[in-house]
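File shown: protein-v9.pdb. Contents: PDB, C-alpha atoms and all ligand atoms.
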MODEL        1
ATOM      1  CA  MET A   4      48.206  48.803  43.997  1.00  0.00           C
ATOM      2  CA  THR A   5      48.166  49.489  47.743  1.00  0.00           C
ATOM      3  CA  LYS A   6      45.334  47.022  48.195  1.00  0.00           C
ATOM      4  CA  PHE A   7      47.294  44.498  46.215  1.00  0.00           C
ATOM      5  CA  ILE A   8      50.300  44.959  48.521  1.00  0.00           C
ATOM      6  CA  GLN A   9      48.071  44.545  51.587  1.00  0.00           C
ATOM      7  CA  LYS A  10      46.746  41.301  50.137  1.00  0.00           C
ATOM      8  CA  ILE A  11      50.273  39.981  49.677  1.00  0.00           C
ATOM      9  CA  GLN A  12      51.162  41.034  53.214  1.00  0.00           C
ATOM     10  CA  GLN A  13      48.134  39.214  54.549  1.00  0.00           C
ATOM     11  CA  PHE A  14      49.121  36.201  52.537  1.00  0.00           C
ATOM     12  CA  PHE A  15      52.661  36.216  53.940  1.00  0.00           C
ATOM     13  CA  SER A  16      51.429  36.742  57.493  1.00  0.00           C
ATOM     14  CA  HIS A  17      49.201  33.754  57.048  1.00  0.00           C
ATOM     15  CA  LEU A  18      51.914  31.684  55.488  1.00  0.00           C
ATOM     16  CA  PHE A  19      54.508  32.288  58.189  1.00  0.00           C
ATOM     17  CA  GLY A  20      52.069  32.582  61.083  1.00  0.00           C
ATOM     18  CA  PHE A  21      53.547  35.767  62.506  1.00  0.00           C
ATOM     19  CA  SER A  22      52.956  36.183  66.199  1.00  0.00           C
ATOM     20  CA  SER A  23      54.480  39.580  66.935  1.00  0.00           C
ATOM     21  CA  PRO A  24      55.036  42.621  64.719  1.00  0.00           C
ATOM     22  CA  LYS A  25      58.715  42.547  65.752  1.00  0.00           C
ATOM     23  CA  ASP A  26      59.134  39.135  64.195  1.00  0.00           C
ATOM     24  CA  PRO A  27      62.257  39.325  62.023  1.00  0.00           C
ATOM     25  CA  LYS A  28      60.535  37.334  59.294  1.00  0.00           C
ATOM     26  CA  GLN A  29      57.763  39.878  59.166  1.00  0.00           C
ATOM     27  CA  GLN A  30      60.265  42.711  59.002  1.00  0.00           C
ATOM     28  CA  LEU A  31      61.914  40.942  56.095  1.00  0.00           C
ATOM     29  CA  VAL A  32      58.593  40.668  54.291  1.00  0.00           C
ATOM     30  CA  GLN A  33      57.804  44.313  54.977  1.00  0.00           C
ATOM     31  CA  GLY A  34      61.174  45.274  53.516  1.00  0.00           C
ATOM     32  CA  MET A  35      60.426  43.194  50.457  1.00  0.00           C
ATOM     33  CA  MET A  36      57.021  44.803  50.123  1.00  0.00           C
ATOM     34  CA  GLN A  37      58.502  48.284  50.349  1.00  0.00           C
ATOM     35  CA  ALA A  38      61.054  47.433  47.685  1.00  0.00           C
ATOM     36  CA  LEU A  39      58.292  46.034  45.504  1.00  0.00           C
ATOM     37  CA  GLN A  40      56.190  49.137  45.979  1.00  0.00           C
ATOM     38  CA  MET A  41      59.123  51.365  45.069  1.00  0.00           C
ATOM     39  CA  THR A  42      59.992  49.550  41.868  1.00  0.00           C
ATOM     40  CA  GLU A  43      56.448  48.845  40.732  1.00  0.00           C
ATOM     41  CA  GLU A  44      55.097  52.354  41.156  1.00  0.00           C
ATOM     42  CA  LYS A  45      58.340  54.198  40.414  1.00  0.00           C
ATOM     43  CA  GLU A  46      57.268  56.818  42.890  1.00  0.00           C
ATOM     44  CA  LEU A  47      59.393  59.496  44.415  1.00  0.00           C
ATOM     45  CA  ALA A  48      59.810  59.743  48.149  1.00  0.00           C
ATOM     46  CA  CYS A  49      58.880  62.984  49.887  1.00  0.00           C
ATOM     47  CA  GLU A  50      62.542  63.884  50.316  1.00  0.00           C
ATOM     48  CA  ASP A  51      63.177  63.356  46.588  1.00  0.00           C
ATOM     49  CA  VAL A  52      60.337  65.747  45.803  1.00  0.00           C
ATOM     50  CA  PHE A  53      61.546  68.217  48.408  1.00  0.00           C
ATOM     51  CA  GLU A  54      64.918  68.370  46.641  1.00  0.00           C
ATOM     52  CA  VAL A  55      63.484  69.380  43.278  1.00  0.00           C
ATOM     53  CA  VAL A  56      60.289  71.163  44.268  1.00  0.00           C
ATOM     54  CA  ASP A  57      61.913  74.601  43.924  1.00  0.00           C
ATOM     55  CA  GLN A  58      62.963  73.776  40.348  1.00  0.00           C
ATOM     56  CA  TYR A  59      59.444  72.576  39.702  1.00  0.00           C
ATOM     57  CA  ALA A  60      57.973  75.823  41.038  1.00  0.00           C
ATOM     58  CA  GLU A  61      60.440  77.845  38.955  1.00  0.00           C
ATOM     59  CA  MET A  62      59.298  76.088  35.793  1.00  0.00           C
ATOM     60  CA  ILE A  63      55.698  76.981  36.568  1.00  0.00           C
ATOM     61  CA  ILE A  64      56.658  80.610  37.198  1.00  0.00           C
ATOM     62  CA  ARG A  65      58.499  80.658  33.871  1.00  0.00           C
ATOM     63  CA  GLY A  66      55.331  79.295  32.240  1.00  0.00           C
ATOM     64  CA  GLU A  67      56.895  75.951  31.350  1.00  0.00           C
ATOM     65  CA  ASP A  68      54.910  72.730  31.459  1.00  0.00           C
ATOM     66  CA  ALA A  69      56.379  71.423  34.700  1.00  0.00           C
ATOM     67  CA  SER A  70      54.078  68.404  34.857  1.00  0.00           C
ATOM     68  CA  GLU A  71      55.315  67.376  31.408  1.00  0.00           C
ATOM     69  CA  ILE A  72      58.990  67.883  32.272  1.00  0.00           C
ATOM     70  CA  MET A  73      58.840  66.325  35.757  1.00  0.00           C
ATOM     71  CA  PRO A  74      55.899  63.911  35.646  1.00  0.00           C
ATOM     72  CA  LEU A  75      56.988  61.991  38.756  1.00  0.00           C
ATOM     73  CA  VAL A  76      56.967  65.181  40.827  1.00  0.00           C
ATOM     74  CA  HIS A  77      53.595  66.108  39.368  1.00  0.00           C
ATOM     75  CA  HIS A  78      52.303  62.656  40.258  1.00  0.00           C
ATOM     76  CA  HIS A  79      53.658  62.853  43.802  1.00  0.00           C
ATOM     77  CA  LEU A  80      52.158  66.289  44.393  1.00  0.00           C
ATOM     78  CA  ALA A  81      48.792  64.974  43.221  1.00  0.00           C
ATOM     79  CA  MET A  82      49.002  62.124  45.735  1.00  0.00           C
ATOM     80  CA  CYS A  83      50.767  63.673  48.728  1.00  0.00           C
ATOM     81  CA  HIS A  84      49.090  66.515  50.616  1.00  0.00           C
ATOM     82  CA  GLU A  85      52.156  67.282  52.705  1.00  0.00           C
ATOM     83  CA  CYS A  86      54.326  67.932  49.674  1.00  0.00           C
ATOM     84  CA  LYS A  87      51.507  69.729  47.867  1.00  0.00           C
ATOM     85  CA  ASP A  88      51.083  72.148  50.784  1.00  0.00           C
ATOM     86  CA  GLU A  89      54.806  72.768  50.870  1.00  0.00           C
ATOM     87  CA  PHE A  90      54.937  73.226  47.110  1.00  0.00           C
ATOM     88  CA  GLU A  91      52.019  75.681  47.092  1.00  0.00           C
ATOM     89  CA  MET A  92      53.603  77.729  49.867  1.00  0.00           C
ATOM     90  CA  LEU A  93      56.900  77.791  48.018  1.00  0.00           C
ATOM     91  CA  LEU A  94      55.220  78.708  44.726  1.00  0.00           C
ATOM     92  CA  GLU A  95      53.355  81.584  46.381  1.00  0.00           C
ATOM     93  CA  MET A  96      56.564  82.829  47.980  1.00  0.00           C
ATOM     94  CA  MET A  97      58.464  82.607  44.717  1.00  0.00           C
ATOM     95  CA  GLN A  98      55.694  84.330  42.774  1.00  0.00           C
ATOM     96  CA  ALA A  99      55.610  87.140  45.309  1.00  0.00           C
ATOM     97  CA  THR A 100      59.393  87.500  45.083  1.00  0.00           C
ATOM     98  CA  ALA A 101      59.250  87.438  41.265  1.00  0.00           C
ATOM     99  CA  GLU A 102      56.675  90.266  41.334  1.00  0.00           C
ATOM    100  CA  LEU A 103      58.768  92.302  43.752  1.00  0.00           C
ATOM    101  CA  THR A 104      61.932  91.962  41.687  1.00  0.00           C
ATOM    102  CA  ALA A 105      60.261  92.323  38.268  1.00  0.00           C
ATOM    103  CA  ASP A 106      60.668  95.950  37.385  1.00  0.00           C
TER     104      ASP A 106
HETATM  105 ZN    ZN B   1      55.264  63.712  49.721  1.00  0.00          ZN
ENDMDL
END

For the structure just supplied, provide its representation as structure tokens.
Amino acid sequence: MTKFIQKIQQFFSHLFGFSSPKDPKQQLVQGMMQALQMTEEKELACEDVFEVVDQYAEMIIRGEDASEIMPLVHHHLAMCHECKDEFEMLLEMMQATAELTAD
């Protein structure tokens, strides 16, 4: 999909003969491409994942199938190392807290 987007970008650059990256036409095309990417892949942004990652970790701690319940988050974590690192840290913290308070 990313390669496909790059191809389209190349095509547009060719078509309009962009000279500088600040060209407003190019910015328009980039905006279009981003919108296309968003709708086509239905992916969450890092901030979307950040908002629900604690719920996601809680589900895992409760032994629920988090990847089944929140597949988009699961997908993002599989693709994005930054969010995965954050999620793993959070999960570890929450597991440690759960152990401390379980008594
Ligand atoms: Zn991310």

>> Suppose a student applies the PyMOL selection byres (((not hetatm)) within 8 of (chain B and resi 1)) to this structure; what residues should they get, written as a list in words?
In response: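 Here the PyMOL selection byres (((not hetatm)) within 8 of (chain B and resi 1)) matches Leu47, Ala48, Cys49, Glu50, Val52, Phe53, His79, Leu80, Met82, Cys83, His84, Glu85, Cys86 and Lys87 of chain A.
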
Output C-alpha atoms for every residue in that selection, as a short mmCIF file (atom, residue, chain, number, x, y, z; two decimals), in the frame of the given file.
data_model
loop_
_atom_site.label_atom_id
_atom_site.label_comp_id
_atom_site.auth_asym_id
_atom_site.auth_seq_id
_atom_site.Cartn_x
_atom_site.Cartn_y
_atom_site.Cartn_z
CA LEU A 47 59.39 59.50 44.42
CA ALA A 48 59.81 59.74 48.15
CA CYS A 49 58.88 62.98 49.89
CA GLU A 50 62.54 63.88 50.32
CA VAL A 52 60.34 65.75 45.80
CA PHE A 53 61.55 68.22 48.41
CA HIS A 79 53.66 62.85 43.80
CA LEU A 80 52.16 66.29 44.39
CA MET A 82 49.00 62.12 45.74
CA CYS A 83 50.77 63.67 48.73
CA HIS A 84 49.09 66.52 50.62
CA GLU A 85 52.16 67.28 52.70
CA CYS A 86 54.33 67.93 49.67
CA LYS A 87 51.51 69.73 47.87
#

> Applied to this file, what does the PyMOL selection byres (((chain A and resi 95-98) around 12) and not hetatm) return in terms of residues, put as a PyMOL selection string?
Replying inline: chain A and resi 56-66+88-94+99-105

> For the atom pair CA of Lys28 (chain A) and CA of Phe14 (chain A), what is the interatomic distance in Å to one decimal place?
Replying inline: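 Separation between CA of Lys28 (chain A) and CA of Phe14 (chain A): 13.3 Å.
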
>> Can you measure CA of Val55 (chain A) to CA of His78 (chain A) for me? One decimal in Å is fine.
In response: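 Computed distance, CA of Val55 (chain A) to CA of His78 (chain A), equals 13.4 Å.
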
> Between CA of Gln9 (chain A) and CA of Leu75 (chain A), what is the distance, to one decimal in Å?
Replying inline: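 CA of Leu75 (chain A) lies 23.4 Å from CA of Gln9 (chain A).
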
>> So, with all atoms listed in the file as the atoms that count, which of A:Ser16, A:Asp68, A:Val76, A:Glu46 lies closest to Gln30 (chain A)?
In response: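 Between A:Ser16, A:Asp68, A:Val76, A:Glu46, the residue approaching Gln30 (chain A) most closely is A:Ser16.
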